[in-house]
>>> print(open('model.txt').read())   # compact mmCIF, N, CA and C atoms
# COMPACT_ATOMS: atom_id res chain seq x y z
N SER R 26 21.80 -10.52 50.33
CA SER R 26 20.74 -11.30 49.72
C SER R 26 20.18 -10.60 48.49
N TYR R 27 20.18 -9.25 48.52
CA TYR R 27 19.70 -8.51 47.35
C TYR R 27 20.61 -8.74 46.15
N SER R 28 21.91 -8.74 46.35
CA SER R 28 22.83 -8.94 45.23
C SER R 28 22.73 -10.36 44.69
N THR R 29 22.50 -11.35 45.56
CA THR R 29 22.33 -12.73 45.10
C THR R 29 21.07 -12.85 44.25
N GLU R 30 20.00 -12.22 44.71
CA GLU R 30 18.74 -12.25 43.96
C GLU R 30 18.90 -11.52 42.63
N ALA R 31 19.58 -10.39 42.63
CA ALA R 31 19.81 -9.64 41.40
C ALA R 31 20.66 -10.45 40.43
N ASN R 32 21.70 -11.11 40.92
CA ASN R 32 22.56 -11.95 40.06
C ASN R 32 21.77 -13.11 39.47
N THR R 33 20.86 -13.68 40.25
CA THR R 33 20.02 -14.77 39.75
C THR R 33 19.12 -14.27 38.62
N ASN R 34 18.52 -13.10 38.83
CA ASN R 34 17.65 -12.52 37.81
C ASN R 34 18.43 -12.17 36.55
N ILE R 35 19.64 -11.65 36.71
CA ILE R 35 20.48 -11.31 35.56
C ILE R 35 20.83 -12.57 34.78
N ALA R 36 21.19 -13.63 35.47
CA ALA R 36 21.52 -14.89 34.80
C ALA R 36 20.32 -15.45 34.05
N LYS R 37 19.15 -15.36 34.67
CA LYS R 37 17.92 -15.84 34.03
C LYS R 37 17.62 -15.03 32.76
N LEU R 38 17.75 -13.71 32.85
CA LEU R 38 17.51 -12.86 31.68
C LEU R 38 18.54 -13.12 30.59
N GLN R 39 19.80 -13.37 30.97
CA GLN R 39 20.83 -13.66 29.97
C GLN R 39 20.52 -14.96 29.23
N ARG R 40 20.04 -15.98 29.96
CA ARG R 40 19.66 -17.25 29.30
C ARG R 40 18.52 -17.02 28.33
N GLU R 41 17.55 -16.18 28.73
CA GLU R 41 16.42 -15.87 27.86
C GLU R 41 16.88 -15.11 26.61
N ILE R 42 17.80 -14.17 26.78
CA ILE R 42 18.35 -13.42 25.64
C ILE R 42 19.08 -14.36 24.70
N ASP R 43 19.90 -15.26 25.25
CA ASP R 43 20.62 -16.23 24.42
C ASP R 43 19.66 -17.13 23.65
N SER R 44 18.59 -17.54 24.31
CA SER R 44 17.59 -18.39 23.66
C SER R 44 16.92 -17.66 22.50
N LEU R 45 16.58 -16.41 22.72
CA LEU R 45 15.95 -15.61 21.67
C LEU R 45 16.91 -15.34 20.52
N GLN R 46 18.19 -15.12 20.84
CA GLN R 46 19.20 -14.92 19.78
C GLN R 46 19.33 -16.17 18.92
N ARG R 47 19.32 -17.34 19.54
CA ARG R 47 19.40 -18.60 18.77
C ARG R 47 18.19 -18.74 17.86
N LEU R 48 17.01 -18.37 18.36
CA LEU R 48 15.81 -18.45 17.53
C LEU R 48 15.89 -17.50 16.34
N LEU R 49 16.42 -16.32 16.56
CA LEU R 49 16.56 -15.36 15.47
C LEU R 49 17.57 -15.81 14.43
N ASN R 50 18.64 -16.43 14.86
CA ASN R 50 19.72 -16.82 13.95
C ASN R 50 19.49 -18.15 13.27
N ALA R 51 18.58 -18.98 13.78
CA ALA R 51 18.32 -20.30 13.19
C ALA R 51 17.55 -20.14 11.90
N PRO R 52 18.08 -20.65 10.75
CA PRO R 52 17.37 -20.49 9.47
C PRO R 52 16.11 -21.33 9.38
N ASP R 53 16.14 -22.55 9.86
CA ASP R 53 14.97 -23.43 9.82
C ASP R 53 14.46 -23.63 11.22
N ASN R 54 13.52 -22.80 11.59
CA ASN R 54 12.97 -22.83 12.93
C ASN R 54 11.98 -23.97 13.04
N GLU R 55 12.19 -24.88 13.98
CA GLU R 55 11.33 -26.05 14.16
C GLU R 55 10.08 -25.70 14.95
N SER R 56 10.09 -24.60 15.68
CA SER R 56 8.95 -24.25 16.52
C SER R 56 7.81 -23.71 15.67
N GLU R 57 6.66 -23.58 16.29
CA GLU R 57 5.47 -23.02 15.64
C GLU R 57 5.71 -21.56 15.32
N PRO R 58 5.52 -21.13 14.06
CA PRO R 58 5.77 -19.73 13.73
C PRO R 58 4.73 -18.82 14.36
N GLY R 59 5.21 -17.67 14.81
CA GLY R 59 4.32 -16.66 15.37
C GLY R 59 3.71 -15.86 14.24
N GLU R 60 2.78 -14.98 14.55
CA GLU R 60 2.11 -14.19 13.52
C GLU R 60 3.09 -13.28 12.79
N ALA R 61 4.07 -12.72 13.50
CA ALA R 61 5.06 -11.86 12.85
C ALA R 61 5.87 -12.65 11.83
N GLU R 62 6.21 -13.89 12.17
CA GLU R 62 6.97 -14.71 11.23
C GLU R 62 6.13 -15.06 10.01
N VAL R 63 4.85 -15.35 10.21
CA VAL R 63 3.97 -15.68 9.09
C VAL R 63 3.86 -14.49 8.16
N MET R 64 3.71 -13.29 8.73
CA MET R 64 3.57 -12.10 7.91
C MET R 64 4.82 -11.84 7.09
N THR R 65 5.99 -12.19 7.60
CA THR R 65 7.20 -11.96 6.82
C THR R 65 7.30 -12.96 5.68
N LYS R 66 6.68 -14.13 5.81
CA LYS R 66 6.71 -15.11 4.73
C LYS R 66 5.83 -14.67 3.57
N ALA R 67 4.70 -14.01 3.88
CA ALA R 67 3.84 -13.49 2.82
C ALA R 67 4.47 -12.21 2.27
N ASN R 68 4.19 -11.94 1.03
CA ASN R 68 4.73 -10.75 0.39
C ASN R 68 4.13 -9.51 1.06
N PRO R 69 4.95 -8.67 1.71
CA PRO R 69 4.40 -7.50 2.42
C PRO R 69 3.68 -6.52 1.49
N GLU R 70 4.16 -6.38 0.26
CA GLU R 70 3.48 -5.48 -0.68
C GLU R 70 2.10 -6.01 -1.03
N LEU R 71 2.00 -7.33 -1.16
CA LEU R 71 0.70 -7.94 -1.46
C LEU R 71 -0.27 -7.72 -0.29
N LEU R 72 0.22 -7.88 0.92
CA LEU R 72 -0.63 -7.67 2.09
C LEU R 72 -1.08 -6.21 2.17
N GLN R 73 -0.19 -5.28 1.90
CA GLN R 73 -0.57 -3.87 1.92
C GLN R 73 -1.59 -3.56 0.84
N PHE R 74 -1.41 -4.15 -0.34
CA PHE R 74 -2.37 -3.97 -1.43
C PHE R 74 -3.74 -4.50 -1.02
N MET R 75 -3.75 -5.70 -0.42
CA MET R 75 -5.01 -6.30 0.02
C MET R 75 -5.69 -5.40 1.05
N GLU R 76 -4.93 -4.86 1.99
CA GLU R 76 -5.50 -3.99 3.02
C GLU R 76 -6.10 -2.73 2.40
N ARG R 77 -5.40 -2.15 1.42
CA ARG R 77 -5.94 -0.96 0.76
C ARG R 77 -7.23 -1.28 0.02
N GLN R 78 -7.27 -2.42 -0.66
CA GLN R 78 -8.47 -2.81 -1.39
C GLN R 78 -9.64 -3.05 -0.43
N ILE R 79 -9.36 -3.73 0.66
CA ILE R 79 -10.40 -3.99 1.65
C ILE R 79 -10.92 -2.68 2.23
N ASP R 80 -10.02 -1.77 2.57
CA ASP R 80 -10.44 -0.47 3.11
C ASP R 80 -11.33 0.29 2.12
N ALA R 81 -10.96 0.25 0.84
CA ALA R 81 -11.74 0.97 -0.18
C ALA R 81 -13.14 0.39 -0.30
N VAL R 82 -13.26 -0.93 -0.31
CA VAL R 82 -14.57 -1.56 -0.44
C VAL R 82 -15.39 -1.32 0.83
N GLU R 83 -14.74 -1.37 1.99
CA GLU R 83 -15.46 -1.11 3.24
C GLU R 83 -16.02 0.31 3.26
N LYS R 84 -15.26 1.28 2.74
CA LYS R 84 -15.76 2.67 2.69
C LYS R 84 -16.99 2.77 1.79
N GLU R 85 -16.97 2.04 0.68
CA GLU R 85 -18.12 2.06 -0.24
C GLU R 85 -19.35 1.44 0.40
N LEU R 86 -19.15 0.46 1.27
CA LEU R 86 -20.27 -0.28 1.87
C LEU R 86 -20.67 0.23 3.25
N GLU R 87 -20.12 1.37 3.65
CA GLU R 87 -20.45 1.91 4.97
C GLU R 87 -21.81 2.59 4.95
N CYS R 88 -22.68 2.18 5.85
CA CYS R 88 -24.00 2.80 5.98
C CYS R 88 -23.83 4.19 6.58
N PRO R 89 -24.43 5.23 5.98
CA PRO R 89 -24.25 6.58 6.50
C PRO R 89 -24.97 6.84 7.82
N ILE R 90 -25.85 5.95 8.23
CA ILE R 90 -26.58 6.16 9.49
C ILE R 90 -25.87 5.46 10.65
N CYS R 91 -25.69 4.14 10.55
CA CYS R 91 -25.11 3.39 11.66
C CYS R 91 -23.59 3.25 11.55
N LEU R 92 -23.04 3.61 10.40
CA LEU R 92 -21.60 3.54 10.12
C LEU R 92 -21.05 2.11 10.16
N GLU R 93 -21.93 1.12 10.06
CA GLU R 93 -21.53 -0.29 9.97
C GLU R 93 -21.30 -0.62 8.50
N ILE R 94 -20.52 -1.67 8.26
CA ILE R 94 -20.29 -2.15 6.90
C ILE R 94 -21.50 -3.01 6.52
N ALA R 95 -22.18 -2.64 5.45
CA ALA R 95 -23.31 -3.44 4.96
C ALA R 95 -22.72 -4.67 4.27
N SER R 96 -22.61 -5.75 5.02
CA SER R 96 -21.86 -6.91 4.53
C SER R 96 -22.73 -8.04 4.01
N GLN R 97 -24.04 -7.93 4.16
CA GLN R 97 -24.88 -9.00 3.63
C GLN R 97 -26.18 -8.45 3.07
N ALA R 98 -26.71 -9.17 2.10
CA ALA R 98 -27.94 -8.78 1.44
C ALA R 98 -29.10 -8.93 2.41
N PRO R 99 -30.13 -8.15 2.26
CA PRO R 99 -30.31 -7.11 1.26
C PRO R 99 -29.67 -5.78 1.67
N ILE R 100 -29.18 -5.09 0.68
CA ILE R 100 -28.67 -3.73 0.85
C ILE R 100 -29.55 -2.85 -0.03
N PHE R 101 -29.97 -1.72 0.50
CA PHE R 101 -30.91 -0.87 -0.21
C PHE R 101 -30.26 0.43 -0.67
N LYS R 102 -31.02 1.17 -1.53
CA LYS R 102 -30.53 2.43 -2.07
C LYS R 102 -31.69 3.39 -2.29
N CYS R 103 -31.32 4.65 -2.51
CA CYS R 103 -32.32 5.65 -2.88
C CYS R 103 -32.31 5.79 -4.40
N GLU R 104 -33.07 6.74 -4.91
CA GLU R 104 -33.12 6.98 -6.36
C GLU R 104 -31.77 7.43 -6.92
N GLU R 105 -30.93 8.03 -6.07
CA GLU R 105 -29.62 8.53 -6.50
C GLU R 105 -28.50 7.53 -6.22
N ASP R 106 -28.85 6.29 -5.93
CA ASP R 106 -27.90 5.21 -5.66
C ASP R 106 -27.06 5.42 -4.40
N HIS R 107 -27.63 6.05 -3.38
CA HIS R 107 -26.95 6.15 -2.10
C HIS R 107 -27.31 4.92 -1.27
N LEU R 108 -26.31 4.27 -0.74
CA LEU R 108 -26.48 3.03 0.00
C LEU R 108 -27.07 3.26 1.38
N ILE R 109 -27.84 2.28 1.84
CA ILE R 109 -28.33 2.24 3.22
C ILE R 109 -28.53 0.78 3.59
N CYS R 110 -28.11 0.40 4.79
CA CYS R 110 -28.21 -1.01 5.19
C CYS R 110 -29.66 -1.38 5.49
N SER R 111 -29.94 -2.65 5.54
CA SER R 111 -31.32 -3.12 5.74
C SER R 111 -31.84 -2.77 7.13
N LYS R 112 -30.98 -2.70 8.13
CA LYS R 112 -31.44 -2.35 9.49
C LYS R 112 -31.89 -0.89 9.55
N CYS R 113 -31.17 -0.02 8.88
CA CYS R 113 -31.49 1.41 8.94
C CYS R 113 -32.59 1.80 7.96
N ARG R 114 -32.72 1.08 6.86
CA ARG R 114 -33.71 1.45 5.83
C ARG R 114 -35.12 1.45 6.38
N VAL R 115 -35.43 0.52 7.26
CA VAL R 115 -36.79 0.44 7.81
C VAL R 115 -37.07 1.56 8.81
N LYS R 116 -36.04 2.27 9.25
CA LYS R 116 -36.19 3.30 10.27
C LYS R 116 -36.34 4.72 9.71
N VAL R 117 -36.05 4.91 8.42
CA VAL R 117 -36.06 6.26 7.87
C VAL R 117 -36.99 6.36 6.67
N ARG R 118 -37.42 7.60 6.38
CA ARG R 118 -38.31 7.85 5.24
C ARG R 118 -37.61 8.55 4.10
N CYS R 119 -36.43 9.15 4.39
CA CYS R 119 -35.70 9.82 3.32
C CYS R 119 -34.23 9.45 3.39
N CYS R 120 -33.56 9.63 2.27
CA CYS R 120 -32.14 9.29 2.17
C CYS R 120 -31.33 10.21 3.08
N PRO R 121 -30.43 9.65 3.88
CA PRO R 121 -29.64 10.50 4.78
C PRO R 121 -28.58 11.33 4.06
N GLN R 122 -28.33 11.04 2.78
CA GLN R 122 -27.31 11.78 2.05
C GLN R 122 -27.92 12.88 1.18
N CYS R 123 -28.88 12.53 0.36
CA CYS R 123 -29.45 13.53 -0.55
C CYS R 123 -30.77 14.11 -0.04
N ARG R 124 -31.31 13.53 1.02
CA ARG R 124 -32.55 13.99 1.66
C ARG R 124 -33.80 13.82 0.81
N GLU R 125 -33.70 13.05 -0.27
CA GLU R 125 -34.88 12.75 -1.09
C GLU R 125 -35.71 11.68 -0.38
N GLU R 126 -37.02 11.83 -0.41
CA GLU R 126 -37.88 10.82 0.20
C GLU R 126 -37.83 9.53 -0.61
N TYR R 127 -37.86 8.43 0.13
CA TYR R 127 -37.90 7.14 -0.55
C TYR R 127 -39.29 6.96 -1.15
N PRO R 128 -39.38 6.36 -2.34
CA PRO R 128 -40.70 6.15 -2.97
C PRO R 128 -41.51 5.12 -2.20
N GLU R 129 -42.83 5.23 -2.36
CA GLU R 129 -43.74 4.25 -1.75
C GLU R 129 -43.51 2.89 -2.41
N GLY R 130 -43.90 1.85 -1.73
CA GLY R 130 -43.78 0.52 -2.29
C GLY R 130 -42.55 -0.21 -1.76
N PRO R 131 -42.17 -1.26 -2.45
CA PRO R 131 -41.04 -2.05 -1.95
C PRO R 131 -39.73 -1.26 -2.02
N HIS R 132 -38.85 -1.57 -1.09
CA HIS R 132 -37.54 -0.90 -1.06
C HIS R 132 -36.70 -1.33 -2.25
N LYS R 133 -35.94 -0.38 -2.80
CA LYS R 133 -35.07 -0.69 -3.95
C LYS R 133 -33.77 -1.31 -3.45
N ARG R 134 -33.48 -2.50 -3.96
CA ARG R 134 -32.23 -3.17 -3.58
C ARG R 134 -31.08 -2.64 -4.40
N TYR R 135 -29.93 -2.62 -3.79
CA TYR R 135 -28.70 -2.15 -4.43
C TYR R 135 -27.86 -3.38 -4.76
N ARG R 136 -28.13 -3.97 -5.92
CA ARG R 136 -27.48 -5.24 -6.31
C ARG R 136 -25.97 -5.08 -6.46
N GLY R 137 -25.53 -3.92 -6.94
CA GLY R 137 -24.09 -3.69 -7.08
C GLY R 137 -23.38 -3.73 -5.74
N ALA R 138 -23.99 -3.13 -4.73
CA ALA R 138 -23.41 -3.16 -3.39
C ALA R 138 -23.44 -4.57 -2.81
N GLU R 139 -24.47 -5.32 -3.13
CA GLU R 139 -24.54 -6.71 -2.65
C GLU R 139 -23.41 -7.54 -3.26
N ARG R 140 -23.11 -7.30 -4.54
CA ARG R 140 -21.97 -7.99 -5.17
C ARG R 140 -20.66 -7.56 -4.53
N GLN R 141 -20.54 -6.27 -4.20
CA GLN R 141 -19.34 -5.77 -3.52
C GLN R 141 -19.18 -6.43 -2.15
N ALA R 142 -20.28 -6.64 -1.45
CA ALA R 142 -20.23 -7.29 -0.13
C ALA R 142 -19.74 -8.73 -0.27
N GLU R 143 -20.19 -9.43 -1.32
CA GLU R 143 -19.69 -10.78 -1.57
C GLU R 143 -18.20 -10.76 -1.89
N ARG R 144 -17.80 -9.78 -2.68
CA ARG R 144 -16.39 -9.63 -3.03
C ARG R 144 -15.55 -9.34 -1.78
N LEU R 145 -16.08 -8.52 -0.89
CA LEU R 145 -15.38 -8.19 0.36
C LEU R 145 -15.19 -9.44 1.21
N ALA R 146 -16.20 -10.28 1.29
CA ALA R 146 -16.08 -11.53 2.05
C ALA R 146 -14.97 -12.40 1.47
N GLY R 147 -14.88 -12.46 0.15
CA GLY R 147 -13.80 -13.20 -0.49
C GLY R 147 -12.44 -12.60 -0.20
N MET R 148 -12.37 -11.28 -0.16
CA MET R 148 -11.11 -10.61 0.15
C MET R 148 -10.66 -10.91 1.58
N TYR R 149 -11.61 -10.95 2.50
CA TYR R 149 -11.28 -11.30 3.89
C TYR R 149 -10.68 -12.70 3.95
N LYS R 150 -11.29 -13.65 3.23
CA LYS R 150 -10.79 -15.02 3.23
C LYS R 150 -9.40 -15.11 2.61
N GLU R 151 -9.20 -14.37 1.52
CA GLU R 151 -7.89 -14.40 0.87
C GLU R 151 -6.82 -13.79 1.75
N ARG R 152 -7.14 -12.69 2.43
CA ARG R 152 -6.17 -12.08 3.35
C ARG R 152 -5.83 -13.05 4.47
N GLU R 153 -6.84 -13.73 4.97
CA GLU R 153 -6.62 -14.71 6.04
C GLU R 153 -5.72 -15.85 5.57
N SER R 154 -5.91 -16.29 4.33
CA SER R 154 -5.07 -17.37 3.80
C SER R 154 -3.62 -16.90 3.59
N LEU R 155 -3.43 -15.62 3.29
CA LEU R 155 -2.07 -15.09 3.17
C LEU R 155 -1.39 -15.00 4.53
N LEU R 156 -2.16 -14.60 5.54
CA LEU R 156 -1.58 -14.46 6.88
C LEU R 156 -1.38 -15.79 7.58
N HIS R 157 -2.25 -16.74 7.31
CA HIS R 157 -2.18 -18.03 8.00
C HIS R 157 -2.25 -19.17 6.98
N PRO R 158 -1.18 -19.39 6.21
CA PRO R 158 -1.22 -20.49 5.24
C PRO R 158 -1.26 -21.84 5.94
N ARG R 159 -1.85 -22.78 5.27
CA ARG R 159 -1.98 -24.13 5.88
C ARG R 159 -0.85 -25.02 5.52
>>> encode(input="model.txt", output="structure tokens")
Amino acid sequence: SYSTEANTNIAKLQREIDSLQRLLNAPDNESEPGEAEVMTKANPELLQFMERQIDAVEKELECPICLEIASQAPIFKCEEDHLICSKCRVKVRCCPQCREEYPEGPHKRYRGAERQAERLAGMYKERESLLHPR
């Protein structure tokens, strides 16, 4: 009975292998493409470039306290243009990078970082459109 069961399993696996081989060899696949297939349709160099750009902008927008990406306005700064997210800015009195005290009065917004955050959101959408075209 063990050999019969093993032979049944072998036959089942062979049918599955044959099915997968046909899918690999078929030029015009009628089935729904998987994520790996979609990624091969997009230019891999373009995807790598997009990933590097996204990583670079994310590093620029990383809050030094909570280590989250400051992805939406308002984003604040110190006198030396060190970024801090809005959640952490209300919790501290001095810059976590240069240790200079923040001036009295309203918090200084970092408009350049806010534009970068908008740009990052656009990059996310563009990467998504490359990975999952409609």
>>> residues_around(input="model.txt", residues="region 100-117 of chain R", least_positions_apart="6", cutoff="8 Å", atoms="only N, CA and C atoms", output="list in words")
Glu85, Leu86, Glu87, Cys88, Pro89, Ile90, Cys91, Glu93, Ile94, Cys123, Glu125, Glu126, Tyr127, Pro128, His132, Lys133, Arg134, Tyr135, Arg136, Ala138 and Glu139 of chain R
>>> atom_distance(input="model.txt", atom1="CA of Arg140 (chain R)", atom2="CA of Pro69 (chain R)")
27.4 Å
>>> closest_residue(input="model.txt", among="R:Ile79, R:Ala95, R:Cys119, R:Leu72", to="Gly147 (chain R)", atoms="only C-alpha atoms")
R:Ile79
>>> select_by_dssp(input="model.txt", residues="region 39-155 of chain R", states="helix (DSSP H, G or I)", output="number ranges by chain")
R: 39-50, 60-66, 69-85, 111-114, 136-155
>>> atom_distance(input="model.txt", atom1="CA of Arg77 (chain R)", atom2="CA of Ala98 (chain R)")
23.4 Å
>>> select_by_dssp(input="model.txt", residues="chain R", states="strand (DSSP E)", output="PyMOL selection string")
chain R and resi 100-102+108-110
>>> axis_aligned_box(input="model.txt", around="region 133-149 of chain R", padding_each_side="8 Å", output="lines of an AutoDock Vina configuration file")
center_x = -23.3
center_y = -6.8
center_z = -1.6
size_x = 41.3
size_y = 28.8
size_z = 27.0
>>> atom_distance(input="model.txt", atom1="atom N of Glu129 (chain R)", atom2="atom N of Pro99 (chain R)")
19.0 Å
>>> closest_residue(input="model.txt", among="R:Gln97, R:Gln141, R:Ser154, R:Gln39", to="Glu83 (chain R)", atoms="all atoms listed in the file")
R:Gln141
